[in-house]
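Colleague: Hey, dropping coords_1.csv in here, CSV, C-alpha atoms (C1' of nucleotides):
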```
chain,number,residue,atom,x,y,z
A,1,MET,CA,-35.3,40.0,7.0
A,2,SER,CA,-38.7,38.8,8.1
A,3,GLU,CA,-40.3,40.1,4.9
A,4,ALA,CA,-38.0,37.8,2.8
A,5,SER,CA,-39.1,34.8,4.9
A,6,TRP,CA,-41.2,32.5,2.7
A,7,ASP,CA,-40.9,29.0,1.3
A,8,ARG,CA,-38.1,28.6,-1.2
A,9,SER,CA,-38.7,24.9,-1.7
A,10,GLN,CA,-40.3,25.3,-5.1
A,11,CYS,CA,-38.4,28.3,-6.2
A,12,SER,CA,-38.1,28.3,-10.0
A,13,VAL,CA,-34.5,29.5,-10.0
A,14,ALA,CA,-33.5,26.6,-7.8
A,15,GLY,CA,-35.6,24.2,-9.8
A,16,THR,CA,-34.0,25.3,-13.1
A,17,LEU,CA,-30.5,25.1,-11.6
A,18,GLY,CA,-31.3,21.6,-10.5
A,19,VAL,CA,-31.8,20.7,-14.1
A,20,VAL,CA,-29.1,22.7,-15.9
A,21,GLY,CA,-27.0,24.0,-13.1
A,22,GLU,CA,-24.4,21.2,-12.9
A,23,LYS,CA,-21.0,21.9,-14.2
A,24,TRP,CA,-20.8,21.7,-18.0
A,25,SER,CA,-24.5,21.5,-18.7
A,26,LEU,CA,-24.9,25.1,-19.8
A,27,LEU,CA,-21.7,24.9,-22.0
A,28,VAL,CA,-23.2,21.8,-23.6
A,29,LEU,CA,-26.3,23.9,-24.4
A,30,ARG,CA,-24.2,26.7,-25.7
A,31,GLU,CA,-22.8,24.3,-28.2
A,32,ALA,CA,-26.3,23.1,-29.0
A,33,PHE,CA,-27.3,26.7,-29.8
A,34,HIS,CA,-24.2,27.0,-32.1
A,35,GLY,CA,-25.5,23.9,-34.0
A,36,VAL,CA,-23.0,21.4,-32.6
A,37,ARG,CA,-24.7,18.1,-32.3
A,38,ARG,CA,-22.2,15.3,-32.1
A,39,PHE,CA,-20.6,13.8,-29.0
A,40,ALA,CA,-17.0,14.3,-30.2
A,41,ASP,CA,-17.6,17.9,-31.3
A,42,ILE,CA,-19.3,18.8,-28.1
A,43,GLN,CA,-16.5,17.2,-26.2
A,44,ARG,CA,-13.9,19.1,-28.2
A,45,PHE,CA,-15.5,22.5,-27.9
A,46,THR,CA,-16.5,22.4,-24.3
A,47,GLY,CA,-13.5,20.5,-23.0
A,48,ALA,CA,-15.7,18.4,-20.7
A,49,PRO,CA,-14.3,15.0,-19.8
A,50,LYS,CA,-16.1,12.2,-21.7
A,51,ALA,CA,-17.6,10.6,-18.7
A,52,VAL,CA,-19.1,13.8,-17.4
A,53,LEU,CA,-20.3,14.7,-20.9
A,54,THR,CA,-22.1,11.3,-21.2
A,55,ASP,CA,-23.8,12.0,-17.9
A,56,ARG,CA,-24.8,15.6,-18.7
A,57,LEU,CA,-26.2,14.6,-22.1
A,58,ALA,CA,-28.2,11.8,-20.5
A,59,THR,CA,-29.6,14.2,-17.9
A,60,LEU,CA,-30.5,16.8,-20.6
A,61,VAL,CA,-32.2,14.1,-22.7
A,62,GLU,CA,-34.0,12.8,-19.6
A,63,HIS,CA,-35.4,16.3,-18.9
A,64,GLY,CA,-36.5,16.7,-22.5
A,65,ILE,CA,-34.1,19.6,-23.2
A,66,LEU,CA,-32.2,17.6,-25.8
A,67,ARG,CA,-33.4,14.7,-27.9
A,68,ARG,CA,-31.2,11.9,-29.2
A,69,GLU,CA,-31.6,11.3,-32.8
A,70,PRO,CA,-30.1,8.8,-35.2
A,71,TYR,CA,-28.1,10.1,-38.2
A,72,GLN,CA,-25.9,8.5,-40.7
A,73,ALA,CA,-22.8,10.1,-42.3
A,74,GLU,CA,-21.8,8.7,-45.7
A,75,GLY,CA,-19.6,5.7,-45.4
A,76,ALA,CA,-20.1,5.5,-41.6
A,77,ARG,CA,-22.4,3.5,-39.5
A,78,GLN,CA,-25.5,4.9,-37.8
A,79,ARG,CA,-24.9,7.0,-34.8
A,80,HIS,CA,-26.8,9.5,-32.6
A,81,GLU,CA,-26.7,13.2,-32.4
A,82,TYR,CA,-28.2,15.6,-29.8
A,83,ARG,CA,-30.7,18.3,-30.8
A,84,LEU,CA,-32.5,20.9,-28.9
A,85,THR,CA,-36.2,20.5,-28.2
A,86,THR,CA,-38.6,23.4,-27.8
A,87,LYS,CA,-38.0,23.1,-24.1
A,88,GLY,CA,-34.3,23.4,-24.7
A,89,LEU,CA,-34.7,26.3,-27.1
A,90,ASP,CA,-36.5,28.1,-24.3
A,91,LEU,CA,-33.3,28.1,-22.3
A,92,PHE,CA,-31.8,30.5,-24.9
A,93,PRO,CA,-32.5,33.6,-22.7
A,94,VAL,CA,-30.4,32.1,-19.9
A,95,LEU,CA,-27.4,31.7,-22.2
A,96,ILE,CA,-27.9,35.2,-23.6
A,97,ALA,CA,-28.2,36.7,-20.1
A,98,LEU,CA,-24.9,35.0,-19.1
A,99,MET,CA,-23.3,36.2,-22.4
A,100,GLU,CA,-24.4,39.8,-22.1
A,101,TRP,CA,-23.1,40.0,-18.5
A,102,GLY,CA,-19.8,38.5,-19.6
A,103,ASP,CA,-19.5,40.8,-22.6
A,104,LYS,CA,-20.0,43.8,-20.3
A,105,TYR,CA,-17.7,42.8,-17.4
A,106,LEU,CA,-15.2,40.3,-18.6
A,107,ALA,CA,-14.4,41.9,-22.0
A,108,THR,CA,-10.8,41.4,-23.2
A,109,GLY,CA,-10.9,42.6,-26.7
A,110,ASP,CA,-12.6,45.6,-28.3
A,111,VAL,CA,-15.5,43.6,-29.5
A,112,PRO,CA,-17.4,40.7,-27.8
A,113,PRO,CA,-16.5,37.3,-29.1
A,114,VAL,CA,-20.0,36.5,-30.4
A,115,ALA,CA,-22.6,38.8,-31.9
A,116,LEU,CA,-26.3,38.0,-32.2
A,117,GLU,CA,-28.3,39.1,-35.2
A,118,HIS,CA,-32.0,38.8,-36.0
A,119,ARG,CA,-32.3,36.6,-39.0
A,120,ASP,CA,-35.2,38.5,-40.4
A,121,CYS,CA,-33.6,42.0,-40.4
A,122,GLY,CA,-29.9,41.5,-39.6
A,123,SER,CA,-29.8,43.9,-36.7
A,124,ALA,CA,-28.4,43.1,-33.3
A,125,VAL,CA,-30.4,41.2,-30.7
A,126,HIS,CA,-30.5,42.1,-27.0
A,127,LEU,CA,-32.3,40.8,-23.9
A,128,GLY,CA,-34.3,43.3,-22.0
A,129,LEU,CA,-36.7,43.6,-19.1
A,130,ARG,CA,-40.0,45.3,-19.7
A,131,CYS,CA,-43.3,45.4,-18.0
A,132,ASP,CA,-46.8,44.7,-19.5
A,133,GLU,CA,-47.4,48.5,-19.8
A,134,GLY,CA,-44.5,48.5,-22.2
A,135,HIS,CA,-42.0,50.4,-20.0
A,136,GLU,CA,-38.3,49.4,-20.3
A,137,VAL,CA,-37.1,48.3,-16.9
A,138,GLY,CA,-33.5,49.6,-16.6
A,139,SER,CA,-32.4,48.1,-13.3
A,140,ALA,CA,-33.3,45.3,-10.9
A,141,ARG,CA,-34.0,48.1,-8.4
A,142,GLN,CA,-37.2,49.0,-10.3
A,143,VAL,CA,-38.6,45.5,-9.8
A,144,ARG,CA,-40.3,44.1,-6.8
A,145,ALA,CA,-40.3,40.4,-6.3
A,146,ILE,CA,-43.6,39.2,-4.6
A,147,PRO,CA,-44.0,35.7,-3.2
A,148,GLN,CA,-47.4,34.3,-3.9
A,149,GLY,CA,-49.4,31.1,-3.9
A,150,ALA,CA,-47.9,28.1,-2.3
A,151,ALA,CA,-44.7,30.0,-1.5
A,152,LEU,CA,-46.5,32.0,1.2
A,153,SER,CA,-47.2,29.0,3.4
A,154,ALA,CA,-44.0,29.0,5.6
A,155,GLY,CA,-40.5,30.2,6.0
B,156,MET,CA,-19.5,21.2,-37.8
B,157,SER,CA,-16.7,23.2,-39.4
B,158,GLU,CA,-18.8,26.4,-39.3
B,159,ALA,CA,-19.1,26.2,-35.5
B,160,SER,CA,-15.3,25.8,-35.2
B,161,TRP,CA,-13.9,29.0,-33.6
B,162,ASP,CA,-12.1,29.8,-30.4
B,163,ARG,CA,-14.2,29.4,-27.3
B,164,SER,CA,-11.5,30.3,-24.9
B,165,GLN,CA,-12.9,33.8,-24.2
B,166,CYS,CA,-16.5,33.0,-24.5
B,167,SER,CA,-18.6,35.2,-22.3
B,168,VAL,CA,-21.0,32.4,-21.3
B,169,ALA,CA,-18.1,30.3,-20.0
B,170,GLY,CA,-16.5,33.4,-18.4
B,171,THR,CA,-19.6,34.3,-16.5
B,172,LEU,CA,-20.1,30.7,-15.4
B,173,GLY,CA,-16.6,30.8,-14.2
B,174,VAL,CA,-17.6,33.6,-11.8
B,175,VAL,CA,-21.1,32.7,-10.7
B,176,GLY,CA,-21.4,29.1,-12.0
B,177,GLU,CA,-20.4,27.2,-9.0
B,178,LYS,CA,-22.9,25.5,-6.9
B,179,TRP,CA,-24.9,27.9,-4.6
B,180,SER,CA,-23.6,31.1,-6.1
B,181,LEU,CA,-26.7,31.9,-8.0
B,182,LEU,CA,-28.9,31.0,-5.0
B,183,VAL,CA,-26.9,33.4,-2.9
B,184,LEU,CA,-27.6,36.0,-5.5
B,185,ARG,CA,-31.3,35.1,-5.5
B,186,GLU,CA,-31.3,35.9,-1.8
B,187,ALA,CA,-29.4,39.2,-2.4
B,188,PHE,CA,-32.1,40.2,-4.9
B,189,HIS,CA,-34.7,39.4,-2.2
B,190,GLY,CA,-33.0,41.8,0.1
B,191,VAL,CA,-31.4,39.1,2.3
B,192,ARG,CA,-28.0,40.4,3.5
B,193,ARG,CA,-26.8,38.5,6.6
B,194,PHE,CA,-24.8,35.4,6.6
B,195,ALA,CA,-27.1,33.5,8.9
B,196,ASP,CA,-30.2,34.4,6.8
B,197,ILE,CA,-28.5,33.5,3.5
B,198,GLN,CA,-27.5,30.2,5.0
B,199,ARG,CA,-31.0,29.5,6.2
B,200,PHE,CA,-32.8,30.4,3.0
B,201,THR,CA,-30.4,28.7,0.6
B,202,GLY,CA,-29.5,25.7,2.7
B,203,ALA,CA,-25.8,26.0,1.7
B,204,PRO,CA,-23.3,24.5,4.2
B,205,LYS,CA,-21.6,27.3,6.1
B,206,ALA,CA,-18.1,26.5,4.8
B,207,VAL,CA,-19.3,26.6,1.2
B,208,LEU,CA,-21.2,29.8,1.8
B,209,THR,CA,-18.2,31.4,3.3
B,210,ASP,CA,-16.2,30.5,0.2
B,211,ARG,CA,-19.0,31.6,-2.3
B,212,LEU,CA,-19.5,35.0,-0.5
B,213,ALA,CA,-15.7,35.6,-0.6
B,214,THR,CA,-15.6,34.8,-4.3
B,215,LEU,CA,-18.5,37.1,-5.1
B,216,VAL,CA,-17.0,39.9,-3.1
B,217,GLU,CA,-13.7,39.3,-4.8
B,218,HIS,CA,-15.3,39.7,-8.2
B,219,GLY,CA,-17.1,42.9,-7.1
B,220,ILE,CA,-20.6,41.4,-7.3
B,221,LEU,CA,-21.3,41.8,-3.6
B,222,ARG,CA,-19.7,44.2,-1.3
B,223,ARG,CA,-19.1,43.5,2.4
B,224,GLU,CA,-20.4,46.4,4.6
B,225,PRO,CA,-20.3,46.9,8.3
B,226,TYR,CA,-23.6,47.3,10.1
B,227,GLN,CA,-24.6,47.4,13.7
B,228,ALA,CA,-27.9,46.0,15.2
B,229,GLU,CA,-28.9,47.6,18.4
B,230,GLY,CA,-27.3,45.9,21.4
B,231,ALA,CA,-25.0,43.9,19.3
B,232,ARG,CA,-21.5,44.2,18.1
B,233,GLN,CA,-20.6,45.4,14.7
B,234,ARG,CA,-20.9,42.8,12.0
B,235,HIS,CA,-20.8,42.7,8.2
B,236,GLU,CA,-23.5,42.3,5.7
B,237,TYR,CA,-23.4,41.5,1.9
B,238,ARG,CA,-25.0,43.9,-0.6
B,239,LEU,CA,-25.2,43.9,-4.3
B,240,THR,CA,-23.0,46.2,-6.3
B,241,THR,CA,-24.0,47.5,-9.7
B,242,LYS,CA,-22.1,44.7,-11.3
B,243,GLY,CA,-24.1,42.3,-9.2
B,244,LEU,CA,-27.4,44.0,-10.0
B,245,ASP,CA,-26.6,43.4,-13.6
B,246,LEU,CA,-26.9,39.7,-13.1
B,247,PHE,CA,-30.6,40.1,-12.5
B,248,PRO,CA,-31.5,39.0,-16.0
B,249,VAL,CA,-29.7,35.7,-15.4
B,250,LEU,CA,-31.9,35.0,-12.4
B,251,ILE,CA,-35.0,36.1,-14.2
B,252,ALA,CA,-34.2,33.9,-17.2
B,253,LEU,CA,-33.8,30.9,-14.9
B,254,MET,CA,-36.9,31.8,-13.1
B,255,GLU,CA,-39.1,32.2,-16.2
B,256,TRP,CA,-38.0,28.9,-17.6
B,257,GLY,CA,-38.7,27.2,-14.3
B,258,ASP,CA,-42.1,28.9,-14.1
B,259,LYS,CA,-42.9,27.5,-17.5
B,260,TYR,CA,-41.6,24.0,-17.2
B,261,LEU,CA,-41.4,23.0,-13.6
B,262,ALA,CA,-44.7,24.5,-12.4
B,263,THR,CA,-46.3,22.6,-9.6
B,264,GLY,CA,-49.1,25.0,-8.5
B,265,ASP,CA,-51.5,27.1,-10.5
B,266,VAL,CA,-49.4,30.2,-10.0
B,267,PRO,CA,-45.6,30.8,-10.0
B,268,PRO,CA,-44.1,31.1,-6.6
B,269,VAL,CA,-42.7,34.6,-7.2
B,270,ALA,CA,-44.2,37.4,-9.3
B,271,LEU,CA,-42.3,40.4,-10.5
B,272,GLU,CA,-43.8,43.8,-10.7
B,273,HIS,CA,-42.6,47.1,-12.0
B,274,ARG,CA,-42.4,49.5,-9.0
B,275,ASP,CA,-43.4,52.5,-11.1
B,276,CYS,CA,-46.6,51.1,-12.5
B,277,GLY,CA,-47.3,47.9,-10.7
B,278,SER,CA,-47.6,45.7,-13.8
B,279,ALA,CA,-45.8,42.4,-14.4
B,280,VAL,CA,-42.2,42.3,-15.6
B,281,HIS,CA,-40.9,39.9,-18.2
B,282,LEU,CA,-37.6,39.2,-20.0
B,283,GLY,CA,-37.7,39.5,-23.8
B,284,LEU,CA,-35.4,39.3,-26.8
B,285,ARG,CA,-35.7,42.0,-29.3
B,286,CYS,CA,-33.6,43.5,-32.0
B,287,ASP,CA,-32.4,47.0,-32.5
B,288,GLU,CA,-35.1,47.5,-35.1
B,289,GLY,CA,-37.6,46.9,-32.4
B,290,HIS,CA,-38.9,43.5,-33.5
B,291,GLU,CA,-39.7,41.0,-30.8
B,292,VAL,CA,-37.6,37.9,-31.2
B,293,GLY,CA,-39.9,34.9,-30.4
B,294,SER,CA,-37.5,32.0,-30.7
B,295,ALA,CA,-33.8,31.2,-30.5
B,296,ARG,CA,-34.2,30.0,-34.1
B,297,GLN,CA,-34.6,33.5,-35.3
B,298,VAL,CA,-31.2,34.5,-34.0
B,299,ARG,CA,-27.9,33.9,-35.7
B,300,ALA,CA,-24.8,33.8,-33.5
B,301,ILE,CA,-21.8,35.2,-35.3
B,302,PRO,CA,-18.2,34.8,-33.9
B,303,GLN,CA,-16.2,37.9,-34.4
B,304,GLY,CA,-12.9,39.6,-33.4
B,305,ALA,CA,-10.5,37.5,-31.4
B,306,ALA,CA,-12.8,34.5,-31.5
B,307,LEU,CA,-12.1,34.0,-35.2
B,308,SER,CA,-8.4,33.1,-34.8
B,309,ALA,CA,-8.5,29.4,-34.3
B,310,GLY,CA,-10.7,26.4,-33.5
C,311,DA,C1',-11.1,-13.1,-44.0
C,312,DC,C1',-8.5,-10.0,-41.7
C,313,DC,C1',-6.9,-5.6,-40.0
C,314,DC,C1',-7.3,-0.9,-39.1
C,315,DC,C1',-10.0,3.3,-38.4
C,316,DT,C1',-13.6,6.2,-36.2
C,317,DG,C1',-17.1,7.9,-33.1
C,318,DA,C1',-19.1,7.0,-29.0
C,319,DG,C1',-18.9,5.7,-25.1
C,320,DT,C1',-17.1,2.8,-20.3
C,321,DT,C1',-13.8,1.9,-16.5
C,322,DC,C1',-10.6,3.1,-13.2
C,323,DA,C1',-7.5,5.4,-10.0
C,324,DT,C1',-6.7,9.9,-8.4
C,325,DC,C1',-7.9,14.3,-6.9
C,326,DA,C1',-11.0,18.2,-5.7
C,327,DA,C1',-15.5,19.7,-4.0
C,328,DC,C1',-19.2,19.3,-0.9
C,329,DC,C1',-21.4,17.9,3.3
C,330,DG,C1',-23.1,18.1,8.3
C,331,DA,C1',-21.6,18.3,12.9
C,332,DA,C1',-18.7,20.1,16.1
C,333,DC,C1',-16.0,23.7,17.5
C,334,DC,C1',-14.1,28.6,17.9
C,335,DT,C1',-14.3,33.7,18.6
C,336,DA,C1',-15.3,38.6,19.6
C,337,DG,C1',-18.1,41.7,21.6
C,338,DA,C1',-22.8,43.0,24.4
C,339,DG,C1',-25.5,42.4,28.2
C,340,DC,C1',-26.2,40.6,32.7
D,341,DG,C1',-16.5,36.6,34.4
D,342,DC,C1',-20.5,34.0,32.4
D,343,DT,C1',-23.5,33.5,28.7
D,344,DC,C1',-25.6,34.5,24.3
D,345,DT,C1',-25.2,35.3,19.4
D,346,DA,C1',-23.6,36.0,14.5
D,347,DG,C1',-20.3,34.6,11.7
D,348,DG,C1',-17.4,32.0,10.8
D,349,DT,C1',-13.3,27.6,10.9
D,350,DT,C1',-12.0,22.6,11.3
D,351,DC,C1',-12.7,17.9,10.5
D,352,DG,C1',-13.7,13.2,8.6
D,353,DG,C1',-16.6,11.1,5.3
D,354,DT,C1',-18.9,11.1,0.9
D,355,DT,C1',-19.8,12.5,-3.6
D,356,DG,C1',-18.3,14.4,-8.0
D,357,DA,C1',-14.8,15.6,-11.5
D,358,DT,C1',-10.7,14.4,-14.1
D,359,DG,C1',-7.7,12.3,-17.8
D,360,DA,C1',-5.8,8.1,-19.5
D,361,DA,C1',-6.7,3.7,-20.9
D,362,DC,C1',-9.8,0.5,-22.6
D,363,DT,C1',-14.1,-1.4,-25.1
D,364,DC,C1',-17.4,-1.8,-28.8
D,365,DA,C1',-19.7,-1.8,-33.3
D,366,DG,C1',-19.6,-1.2,-37.7
D,367,DG,C1',-17.2,0.3,-42.6
D,368,DG,C1',-13.5,0.3,-45.8
D,369,DG,C1',-9.2,-1.3,-47.6
D,370,DT,C1',-6.3,-5.2,-49.0
```
Represent the structure from my file as C-alpha cells, please.
Modeller:
Amino acid sequence: MSEASWDRSQCSVAGTLGVVGEKWSLLVLREAFHGVRRFADIQRFTGAPKAVLTDRLATLVEHGILRREPYQAEGARQRHEYRLTTKGLDLFPVLIALMEWGDKYLATGDVPPVALEHRDCGSAVHLGLRCDEGHEVGSARQVRAIPQGAALSAG
Amino acid sequence: MSEASWDRSQCSVAGTLGVVGEKWSLLVLREAFHGVRRFADIQRFTGAPKAVLTDRLATLVEHGILRREPYQAEGARQRHEYRLTTKGLDLFPVLIALMEWGDKYLATGDVPPVALEHRDCGSAVHLGLRCDEGHEVGSARQVRAIPQGAALSAG
DNA sequence: ACCCCTGAGTTCATCAACCGAACCTAGAGC
DNA sequence: GCTCTAGGTTCGGTTGATGAACTCAGGGGT
C-alpha cells in the first residue's frame, strides 16, 4: 500500500466528520432541512436526549452551520430558533447521499419515505457524479483519487 | 411545525447512519476507496484503536459493505484483507460530499489535499444535484422534500 | 398577587463506548 | 524450537450518551 501512503492529517473527509460526525448532528441537520427550527421539535423528531441536543446545537452554531435567532410566538415570550446558514445549506449533498444509499439498500416499503422535487419544475432530484467534460461517472471505480499539495509531504 | 410532522422511523438518512455512522466507519471506508485493504494499514492511516477497528470492520462486513478475502503475501501465511463490495462502492457519494464540503470550508492550503479525476478523460470529478429534466440544482432551497408512502402514517 | 403552563434548557446517576498499552496466536523462516 | 509478523483480544481508565428529575423565565388566567 505504499502508493496510498500520504498525510491524512488534513483530510477533508476527516475534517468534516470532526464537525458534523458526532452522533445526532446529521439528524439535527436533517430536521433543519425539513424546516424544523425549535428545540422541542428537533428533540421530538430526532429522539436525541436534551443534554446531547443542547451540545450538538451549540457545536453547530459555533461552526456557523446553524444560527440562533430570536422569535416570538403570539402569547409567548421571546425564544430562539435554529436556522441553517449558507454553510449549513451546503451540507445538503451529504444528507442526500446518505438518503439515496439508504433508499437503495435499506428499503422496506415499495417507495422511499421521502421524495425530493425541484421547486422550479416539479421533477425528481438526484445526486450524481460527473466530470468537467460533462461525462456521467457511474461508479467509484472510474474515479482516481490523487493526493496533492500539503498532503504529499509524509505518510 | 405541523407540516414537518411525519414518521421518521424508517428515514433513510437515519438508517444509513445506523450502518456507517459510528465513529471511524467512514474513515475506514475512505481508506478502502484509497485502495488500503489490510488491517495494519487501515489502523495506521485512520488512527483508530485496534479494538474499535476490529468491531467496525466486522460491522461493515456484516452489512455487506466490505468483504473479507484471503490473500497470501510471499513468504507469509495466509491472511485476510478487506475489499469494497458494490454496496460499499455505492457509498462513494457520501465520502465525496463530505470531502467537497471540507474542501470548501476547512481549507488550510491553497489546494485541496485530494483531487478526483475521471479515469476515462482525466478531468476533475464533482458531485452535483440535478433534476430529471436536466436542470442543475444549485441550492438546497430549490428542493422540496416530500414525505410519502409509509412515512405518512403518523408523527 | 398568586398559581400554573410552556419551551428551553441544566443536573445527576447510570450505563455504554472509546482509548492506549499490553498481551496472545498461528504460521513462515531460520 | 526460536523468533518475527499481521491481526487480532483483553484490560483498566476515561470520555460520552442516556433518561428522569429539576430549574428558570416569562405569559395568561383567576
Colleague: Please, which residues of chain D lie no more than 7 Å from chain A when the count uses only C-alpha atoms (C1' of nucleotides), and can they be set out as a compact mmCIF listing (two decimals) with C-alpha atoms (C1' of nucleotides), in the frame of the given file?
Modeller:
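Saved the output as result-v1.txt:
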```
# COMPACT_ATOMS: atom_id res chain seq x y z
C1' DT D 358 -10.70 14.40 -14.10
C1' DG D 366 -19.60 -1.20 -37.70
C1' DG D 367 -17.20 0.30 -42.60
```
Colleague: Of the candidates A:His80, A:Arg67, A:Arg56, A:Arg37, which one gets nearest to chain B if we count only C-alpha atoms?
Modeller: A:Arg37
Colleague: What is the distance between atom CA of B:Pro302 and atom CA of A:Tyr82, in Å to one decimal?
Modeller: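 About the pair atom CA of B:Pro302 and atom CA of A:Tyr82: they are 22.0 Å apart.
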Colleague: Give me, as a VMD selection string, all polymer residues having an atom no more than 12 Å from D:DG369, counting all atoms listed in the file and skipping those fewer than 4 positions away in the same chain.
Modeller: chain C and resid 312 to 315
Colleague: Residues of chain C near chain B: apply a cut-off of 12 Å, count only C-alpha atoms (C1' of nucleotides), and supply the list as a list in words.
Modeller: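 Using only C-alpha atoms (C1' of nucleotides), chain C residues at most 12 Å from chain B: DA327, DC328, DC329, DG330, DA331, DA336, DG337, DA338 and DG339 of chain C.
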Colleague: Since we have the selection now, will you write its residues out, keeping C-alpha atoms (C1' of nucleotides), as a short mmCIF file (atom, residue, chain, number, x, y, z; two decimals), in the coordinates of the input?
Modeller:
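Contents of part.cif, as written:
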```cif
data_model
loop_
_atom_site.label_atom_id
_atom_site.label_comp_id
_atom_site.auth_asym_id
_atom_site.auth_seq_id
_atom_site.Cartn_x
_atom_site.Cartn_y
_atom_site.Cartn_z
"C1'" DA C 327 -15.50 19.70 -4.00
"C1'" DC C 328 -19.20 19.30 -0.90
"C1'" DC C 329 -21.40 17.90 3.30
"C1'" DG C 330 -23.10 18.10 8.30
"C1'" DA C 331 -21.60 18.30 12.90
"C1'" DA C 336 -15.30 38.60 19.60
"C1'" DG C 337 -18.10 41.70 21.60
"C1'" DA C 338 -22.80 43.00 24.40
"C1'" DG C 339 -25.50 42.40 28.20
#
```
Colleague: Identify the residues around (-17.9, 11.2, -1.4) within a radius of 12 Å, measuring from all atoms listed in the file in the coordinates stated by the file, and give them as a tab-separated table (two decimals) with C-alpha atoms (C1' of nucleotides), in the frame of the given file.
Modeller:
```tsv
chain	number	residue	atom	x	y	z
C	325	DC	C1'	-7.90	14.30	-6.90
C	326	DA	C1'	-11.00	18.20	-5.70
C	327	DA	C1'	-15.50	19.70	-4.00
C	328	DC	C1'	-19.20	19.30	-0.90
C	329	DC	C1'	-21.40	17.90	3.30
D	352	DG	C1'	-13.70	13.20	8.60
D	353	DG	C1'	-16.60	11.10	5.30
D	354	DT	C1'	-18.90	11.10	0.90
D	355	DT	C1'	-19.80	12.50	-3.60
D	356	DG	C1'	-18.30	14.40	-8.00
D	357	DA	C1'	-14.80	15.60	-11.50
```
Colleague: For B:Asp275, list every protein, DNA or RNA residue within 12 Å, evaluated using only C-alpha atoms (C1' of nucleotides), and leave out those in the same chain fewer than 2 positions away; present the list as a list in words.
Modeller: Arg130, Cys131, Asp132, Glu133, Gly134, His135, Glu136, Val137, Gly138, Arg141, Gln142, Val143 and Arg144 of chain A; Glu272, His273, Gly277, Ser278, Ala279 and Val280 of chain B
Colleague: Atom CA of B:Gly202 and atom CA of B:Val183 are how many Å apart?
Modeller: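 Those two atoms sit 9.9 Å apart.
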Colleague: What is the distance, in Å and to one decimal place, between atom CA of B:Ile251 and atom CA of A:Gly128?
Modeller: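 Answer for the atom CA of B:Ile251 to atom CA of A:Gly128 separation: 10.6 Å.
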Colleague: Do you know which residues are at most 9 Å from B:Gly176 counting all atoms listed in the file, after dropping those on the same chain fewer than 6 positions away, and could you put them as a PDB file with C-alpha atoms, keeping the file's coordinate frame?
Modeller:
```pdb
ATOM      1  CA  GLY A  21     -27.000  24.000 -13.100  1.00  0.00           C
ATOM      2  CA  GLU A  22     -24.400  21.200 -12.900  1.00  0.00           C
ATOM      3  CA  LYS A  23     -21.000  21.900 -14.200  1.00  0.00           C
TER       4      LYS A  23
ATOM      5  CA  ALA B 169     -18.100  30.300 -20.000  1.00  0.00           C
TER       6      ALA B 169
END
```
Colleague: So, counting all atoms listed in the file, which residue among B:Lys242, B:Lys259, B:Arg199, B:Arg234 is closest to A:Asp7?
Modeller: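 Smallest distance to A:Asp7 is found for B:Arg199.
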Colleague: Under the rule that all atoms listed in the file are counted, which of B:Cys276, B:Val269, B:Leu307, B:Ala213 is the nearest residue to chain A?
Modeller: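 The closest residue to chain A is B:Val269.
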